[in-house]
Amino acid sequence: MTYVIIGNGVASVGAIEGIRRLDHEGTIVVLGNEHVPAYGRPLISYLLAGKIGPERLNLRSDDFYRRMCVDLRLNTTATAIDTKKKTVTTNKGETIPYDRLLIATGGVPFNPPIPGADGSGVYNFTTLDHAQALIAAAKKMKRAVVIGGGLIGLKAAESLFDRGVDVTILELSSRVLSAAFDENAGRLAARRLAETGIGVRCGVTAKEIHRDDKGGIIGVLTTDGMFVPCEAVVVAIGVVPNSKLAKDAGIKTDRGVQVDDSLQTSAKGVFAAGDVAQARDMITEDNRVVPIWPNAYNQGYYAGRNMAGAKESYEGGLAMNSISFYGLPTISVGQVNPPKPEDYEIAIHLDEKRQIYRKLVFKDDRLIGYVLVGEIDNAGMYTSFIKFRMPIPAETKRALMHGEPGVFLWPEQVFDKTWNPAGADK
């Protein structure tokens, strides 16, 4: 059996480990378009900030690919997939046959058409190369504008600020981390950033990037008419699934590559995982792209096992974000901004002075989402109520609302299944 994996991120690592659980003999070929083995993308902000060195980025030990008997081909980009002939063509002119194929091409930065964006001084922040380019540029810049107040933009802003750069964040939404936060959480986070010295302007974005006669950036004109001086711009509005390769091969795509519960695409023997995959969501129970690290690994692992012959259903991804804003910890899990709030029960506790916030979202008799700011010690317990889909009676709900979740609030059958699996069968 020959397995070909296109992409070499965390989903690829999950797939390799999933395959090797069941198949110790098959050939695994991994095509990575970067010049280094798989690394932790969330860690590149710490690299940019100067808090870690490149050696800390690796996802697995140096001998991982050798131990797993993987043919790793770096600086190699897949250019075409032929699902009838079961081959992958690369930028090096190779034609690689496969029995099972995994598309794990991740996401690519979204770059809106901003006048003045073409030219030097404009950066993205999703790869190691991006981080290294910003490290070099940060030595010469005094001021930078970050377009986008999502997770990528905030980490880029913090990292540059830690290197002594004066940073202003522009976020079109009314709050930072708009997908993961509500207005209260976003306001507390922006306040902490402002207290630290990072400028945050919500409700506006870049209208035009201004340059001097030599092509150097001198500032950004915002949509509300303000001019923000800077020497560099980081575009961090988000990423979109890198699904063109699959689409060109005739594989069904929507927002991402469509997969079933086994992570298989519309083409037999072809699977997809990670930020490119439109897979099952644990809360909404529909298929959508949830581009976060744990989901990517889990999807890769399930896909790998199913590629190797298992017949297992992916339980679904769970949206979650955890980030600390200069000592202010936050976490967001599940559905925190329901489309019709009136159809949900929402419990809120806000202490502006202490910068503490708790929001719980219930649907029927279950917890489906929460946001914690300031005090996050109970995050694991809240997450367990969501992941295990526990029914929540009135007394348990009151305890959760008062910030007092605990394992002894779990229904007996869930407790037995999780902590005492042998006893659960009696």
# chains A, B, ... in the order shown; residues from 1 in each chain; ligands from 1
$ closest_atom_pairs --of "stretch 261-303 of chain A" --to "stretch 175-195 of chain A" --cutoff "12 Å" --atoms "only C-alpha atoms" --output "JSON lines"
{"residue": "A:Val290", "atom": "CA", "partner": "A:Ala179", "partner_atom": "CA", "distance": 11.0}
{"residue": "A:Pro291", "atom": "CA", "partner": "A:Ala179", "partner_atom": "CA", "distance": 11.8}
{"residue": "A:Ile292", "atom": "CA", "partner": "A:Ala180", "partner_atom": "CA", "distance": 11.8}
$ residues_around --residues "A:Val289" --least-positions-apart "4" --cutoff "8 Å" --atoms "only C-alpha atoms" --output "list in words"
Arg255, Gly256, Asp275, Val276, Ala277, Gln278 and Ala279 of chain A
$ select_by_dssp --residues "stretch 146-379 of chain A" --states "strand (DSSP E or B)" --output "JSON, numbers by chain"
{"A": [146, 147, 166, 167, 168, 169, 170, 171, 199, 200, 201, 202, 206, 207, 208, 209, 210, 211, 217, 218, 219, 220, 221, 222, 227, 228, 229, 232, 233, 234, 235, 239, 240, 241, 253, 257, 258, 264, 270, 271, 272, 277, 278, 279, 280, 281, 287, 288, 317, 320, 321, 322, 323, 324, 325, 328, 329, 330, 331, 332, 333, 334, 345, 346, 347, 348, 349, 350, 351, 356, 357, 358, 359, 360, 361, 362, 363, 366, 367, 368, 369, 370, 371, 372, 373]}
$ residues_around --residues "stretch 353-370 of chain A" --least-positions-apart "2" --cutoff "7 Å" --atoms "only C-alpha atoms" --output "PDB file with C-alpha atoms, in the first residue's frame"
ATOM      1  CA  ALA A 185     -14.505  39.775  25.992  1.00  0.00           C
ATOM      2  CA  LEU A 188     -11.417  43.548  27.918  1.00  0.00           C
ATOM      3  CA  ILE A 283     -21.713  21.501  18.091  1.00  0.00           C
ATOM      4  CA  SER A 332     -13.224  30.498  24.076  1.00  0.00           C
ATOM      5  CA  VAL A 333     -14.769  27.122  23.217  1.00  0.00           C
ATOM      6  CA  GLY A 334     -17.726  26.080  21.124  1.00  0.00           C
ATOM      7  CA  GLN A 335     -20.561  28.295  19.964  1.00  0.00           C
ATOM      8  CA  VAL A 336     -20.169  31.592  21.813  1.00  0.00           C
ATOM      9  CA  TYR A 344     -30.486  30.027  23.668  1.00  0.00           C
ATOM     10  CA  GLU A 345     -30.010  30.480  27.386  1.00  0.00           C
ATOM     11  CA  ILE A 346     -27.000  32.714  28.002  1.00  0.00           C
ATOM     12  CA  ALA A 347     -25.483  33.325  31.442  1.00  0.00           C
ATOM     13  CA  ILE A 348     -23.061  36.228  31.868  1.00  0.00           C
ATOM     14  CA  HIS A 349     -20.872  37.362  34.754  1.00  0.00           C
ATOM     15  CA  LEU A 350     -18.768  40.500  34.217  1.00  0.00           C
ATOM     16  CA  ASP A 351     -16.420  42.234  36.651  1.00  0.00           C
ATOM     17  CA  LEU A 372     -13.646  32.946  30.075  1.00  0.00           C
ATOM     18  CA  VAL A 373     -11.484  36.027  30.608  1.00  0.00           C
ATOM     19  CA  GLY A 374      -9.214  36.612  33.599  1.00  0.00           C
ATOM     20  CA  GLU A 375     -10.089  33.445  35.510  1.00  0.00           C
ATOM     21  CA  PHE A 385     -19.470  19.252  29.573  1.00  0.00           C
ATOM     22  CA  ILE A 386     -19.441  20.290  25.918  1.00  0.00           C
ATOM     23  CA  ARG A 389     -22.616  16.319  25.458  1.00  0.00           C
ATOM     24  CA  MET A 390     -23.740  15.929  29.044  1.00  0.00           C
ATOM     25  CA  PRO A 391     -27.376  16.627  29.900  1.00  0.00           C
ATOM     26  CA  ILE A 392     -27.465  19.408  32.479  1.00  0.00           C
ATOM     27  CA  PRO A 393     -30.252  19.432  35.087  1.00  0.00           C
TER      28      PRO A 393
END
$ select_by_dssp --residues "stretch 101-280 of chain A" --states "alpha helix (DSSP H)" --output "VMD selection string"
chain A and resid 128 to 138 151 to 162 183 to 196 244 to 248
$ closest_residue --among "A:Asn337, A:Thr105, A:Thr90, A:Ser174" --to "A:Val257" --atoms "only C-alpha atoms"
A:Thr105
$ closest_atom_pairs --of "stretch 11-104 of chain A" --to "stretch 149-155 of chain A" --cutoff "9 Å" --atoms "only C-alpha atoms" --output "CSV"
residue,atom,partner,partner_atom,distance
A:Pro42,CA,A:Ile152,CA,8.7
A:Ser45,CA,A:Lys155,CA,5.8
A:Tyr46,CA,A:Lys155,CA,8.6
$ residues_around --residues "A:Ala249" --least-positions-apart "3" --cutoff "10 Å" --atoms "only C-alpha atoms" --output "list in words"
Ala80, Ile81, Asp82, Thr83, Lys84, Lys244, Leu245, Ala246, Lys252 and Ala267 of chain A
$ write_last_selection --atoms "N, CA and C atoms" --output "PDB file, in the first residue's frame"
ATOM      1  N   ALA A  80      -0.755  18.747  -9.520  1.00  0.00           N
ATOM      2  CA  ALA A  80      -1.962  18.146 -10.094  1.00  0.00           C
ATOM      3  C   ALA A  80      -2.221  16.794  -9.460  1.00  0.00           C
ATOM      4  N   ILE A  81      -3.515  16.467  -9.368  1.00  0.00           N
ATOM      5  CA  ILE A  81      -3.951  15.148  -8.906  1.00  0.00           C
ATOM      6  C   ILE A  81      -4.788  14.521 -10.015  1.00  0.00           C
ATOM      7  N   ASP A  82      -4.498  13.283 -10.359  1.00  0.00           N
ATOM      8  CA  ASP A  82      -5.303  12.528 -11.321  1.00  0.00           C
ATOM      9  C   ASP A  82      -5.967  11.402 -10.550  1.00  0.00           C
ATOM     10  N   THR A  83      -7.259  11.592 -10.237  1.00  0.00           N
ATOM     11  CA  THR A  83      -7.953  10.611  -9.404  1.00  0.00           C
ATOM     12  C   THR A  83      -8.275   9.323 -10.149  1.00  0.00           C
ATOM     13  N   LYS A  84      -8.258   9.357 -11.484  1.00  0.00           N
ATOM     14  CA  LYS A  84      -8.509   8.134 -12.254  1.00  0.00           C
ATOM     15  C   LYS A  84      -7.253   7.272 -12.349  1.00  0.00           C
ATOM     16  N   LYS A 244      -7.535  24.673  -4.133  1.00  0.00           N
ATOM     17  CA  LYS A 244      -7.494  24.746  -5.596  1.00  0.00           C
ATOM     18  C   LYS A 244      -7.033  23.434  -6.220  1.00  0.00           C
ATOM     19  N   LEU A 245      -6.052  22.791  -5.627  1.00  0.00           N
ATOM     20  CA  LEU A 245      -5.544  21.530  -6.160  1.00  0.00           C
ATOM     21  C   LEU A 245      -6.653  20.490  -6.222  1.00  0.00           C
ATOM     22  N   ALA A 246      -7.441  20.395  -5.164  1.00  0.00           N
ATOM     23  CA  ALA A 246      -8.541  19.445  -5.131  1.00  0.00           C
ATOM     24  C   ALA A 246      -9.632  19.818  -6.134  1.00  0.00           C
ATOM     25  N   LYS A 252     -15.056  17.484  -4.987  1.00  0.00           N
ATOM     26  CA  LYS A 252     -16.058  18.442  -4.534  1.00  0.00           C
ATOM     27  C   LYS A 252     -15.494  19.368  -3.459  1.00  0.00           C
ATOM     28  N   ALA A 267     -13.805  11.743  -4.094  1.00  0.00           N
ATOM     29  CA  ALA A 267     -13.002  10.819  -4.899  1.00  0.00           C
ATOM     30  C   ALA A 267     -12.598   9.634  -4.033  1.00  0.00           C
TER      31      ALA A 267
END
$ closest_residue --among "A:Ser159, A:Tyr123, A:Ala232, A:His210" --to "A:Met141" --atoms "only C-alpha atoms"
A:Ala232
$ closest_residue --among "A:Ile103, A:Ile169, A:Ile135, A:Val407" --to "A:Gly50" --atoms "only C-alpha atoms"
A:Ile135
$ atom_distance --atom1 "atom CA of A:Thr168" --atom2 "atom CA of A:Trp293"
26.7 Å
$ residues_around --residues "A:Leu221" --least-positions-apart "6" --cutoff "8 Å" --atoms "only C-alpha atoms" --output "short mmCIF file (atom, residue, chain, number, x, y, z; two decimals) with N, CA and C atoms, in the first residue's frame"
data_model
loop_
_atom_site.label_atom_id
_atom_site.label_comp_id
_atom_site.auth_asym_id
_atom_site.auth_seq_id
_atom_site.Cartn_x
_atom_site.Cartn_y
_atom_site.Cartn_z
N ALA A 206 -7.84 49.23 6.58
CA ALA A 206 -6.98 50.01 5.70
C ALA A 206 -7.69 50.35 4.40
N LYS A 207 -7.69 51.61 4.04
CA LYS A 207 -8.24 52.05 2.76
C LYS A 207 -7.15 52.11 1.69
N GLU A 208 -5.95 52.54 2.10
CA GLU A 208 -4.85 52.66 1.15
C GLU A 208 -3.52 52.67 1.91
N ILE A 209 -2.52 52.04 1.32
CA ILE A 209 -1.16 52.07 1.85
C ILE A 209 -0.39 53.13 1.08
N HIS A 210 0.16 54.10 1.79
CA HIS A 210 0.88 55.20 1.15
C HIS A 210 2.38 54.90 1.11
N PHE A 227 -4.77 58.92 9.17
CA PHE A 227 -3.50 58.47 8.60
C PHE A 227 -2.63 57.95 9.73
N VAL A 228 -2.20 56.67 9.62
CA VAL A 228 -1.37 56.04 10.65
C VAL A 228 0.03 55.86 10.09
#
$ closest_residue --among "A:His402, A:Arg73, A:Arg60, A:Lys214" --to "A:Glu17" --atoms "only C-alpha atoms"
A:Arg60
$ decode --residues "stretch 23-81 of chain A" --atoms "C-alpha atoms" --output "JSON list (two decimals), in the first residue's frame"
[["chain", "number", "residue", "atom", "x", "y", "z"],
["A", 23, "ASP", "CA", 0.02, -0.45, 8.83],
["A", 24, "HIS", "CA", 3.72, -0.88, 9.65],
["A", 25, "GLU", "CA", 4.78, -1.91, 6.16],
["A", 26, "GLY", "CA", 3.11, 0.46, 3.69],
["A", 27, "THR", "CA", 5.04, 3.19, 1.91],
["A", 28, "ILE", "CA", 4.34, 6.76, 3.06],
["A", 29, "VAL", "CA", 5.41, 9.68, 0.86],
["A", 30, "VAL", "CA", 5.00, 13.21, 2.25],
["A", 31, "LEU", "CA", 5.25, 16.25, -0.01],
["A", 32, "GLY", "CA", 6.14, 19.45, 1.84],
["A", 33, "ASN", "CA", 6.40, 22.74, -0.02],
["A", 34, "GLU", "CA", 8.56, 24.34, 2.69],
["A", 35, "HIS", "CA", 12.26, 23.71, 3.30],
["A", 36, "VAL", "CA", 11.87, 22.37, 6.86],
["A", 37, "PRO", "CA", 10.04, 19.42, 8.47],
["A", 38, "ALA", "CA", 6.69, 19.91, 10.18],
["A", 39, "TYR", "CA", 6.76, 22.66, 12.81],
["A", 40, "GLY", "CA", 4.34, 24.25, 15.23],
["A", 41, "ARG", "CA", 2.83, 27.22, 13.43],
["A", 42, "PRO", "CA", 1.42, 28.71, 16.66],
["A", 43, "LEU", "CA", 5.00, 28.95, 17.90],
["A", 44, "ILE", "CA", 6.22, 31.28, 15.16],
["A", 45, "SER", "CA", 4.92, 34.26, 17.14],
["A", 46, "TYR", "CA", 7.30, 33.33, 19.97],
["A", 47, "LEU", "CA", 10.10, 33.07, 17.41],
["A", 48, "LEU", "CA", 9.27, 36.54, 16.10],
["A", 49, "ALA", "CA", 9.15, 37.90, 19.65],
["A", 50, "GLY", "CA", 12.61, 36.44, 20.30],
["A", 51, "LYS", "CA", 11.35, 34.18, 23.09],
["A", 52, "ILE", "CA", 12.41, 30.89, 21.47],
["A", 53, "GLY", "CA", 14.90, 29.76, 18.85],
["A", 54, "PRO", "CA", 14.16, 27.83, 15.62],
["A", 55, "GLU", "CA", 15.12, 24.55, 17.29],
["A", 56, "ARG", "CA", 12.00, 24.76, 19.48],
["A", 57, "LEU", "CA", 9.62, 24.75, 16.52],
["A", 58, "ASN", "CA", 9.78, 21.09, 15.48],
["A", 59, "LEU", "CA", 6.60, 19.10, 16.08],
["A", 60, "ARG", "CA", 8.47, 15.82, 16.44],
["A", 61, "SER", "CA", 12.03, 14.69, 17.11],
["A", 62, "ASP", "CA", 14.65, 14.83, 14.37],
["A", 63, "ASP", "CA", 14.39, 11.09, 13.73],
["A", 64, "PHE", "CA", 10.57, 11.04, 13.49],
["A", 65, "TYR", "CA", 10.39, 10.50, 9.72],
["A", 66, "ARG", "CA", 13.08, 7.83, 9.82],
["A", 67, "ARG", "CA", 11.37, 5.92, 12.64],
["A", 68, "MET", "CA", 8.04, 6.13, 10.83],
["A", 69, "CYS", "CA", 9.68, 5.02, 7.55],
["A", 70, "VAL", "CA", 8.46, 8.14, 5.74],
["A", 71, "ASP", "CA", 9.83, 9.37, 2.43],
["A", 72, "LEU", "CA", 9.80, 13.11, 3.18],
["A", 73, "ARG", "CA", 10.25, 15.34, 0.13],
["A", 74, "LEU", "CA", 10.80, 18.97, 1.09],
["A", 75, "ASN", "CA", 10.61, 21.94, -1.29],
["A", 76, "THR", "CA", 8.14, 19.86, -3.29],
["A", 77, "THR", "CA", 4.75, 21.17, -4.37],
["A", 78, "ALA", "CA", 1.95, 19.04, -5.78],
["A", 79, "THR", "CA", 0.74, 20.62, -9.02],
["A", 80, "ALA", "CA", -1.96, 18.15, -10.09],
["A", 81, "ILE", "CA", -3.95, 15.15, -8.91]]
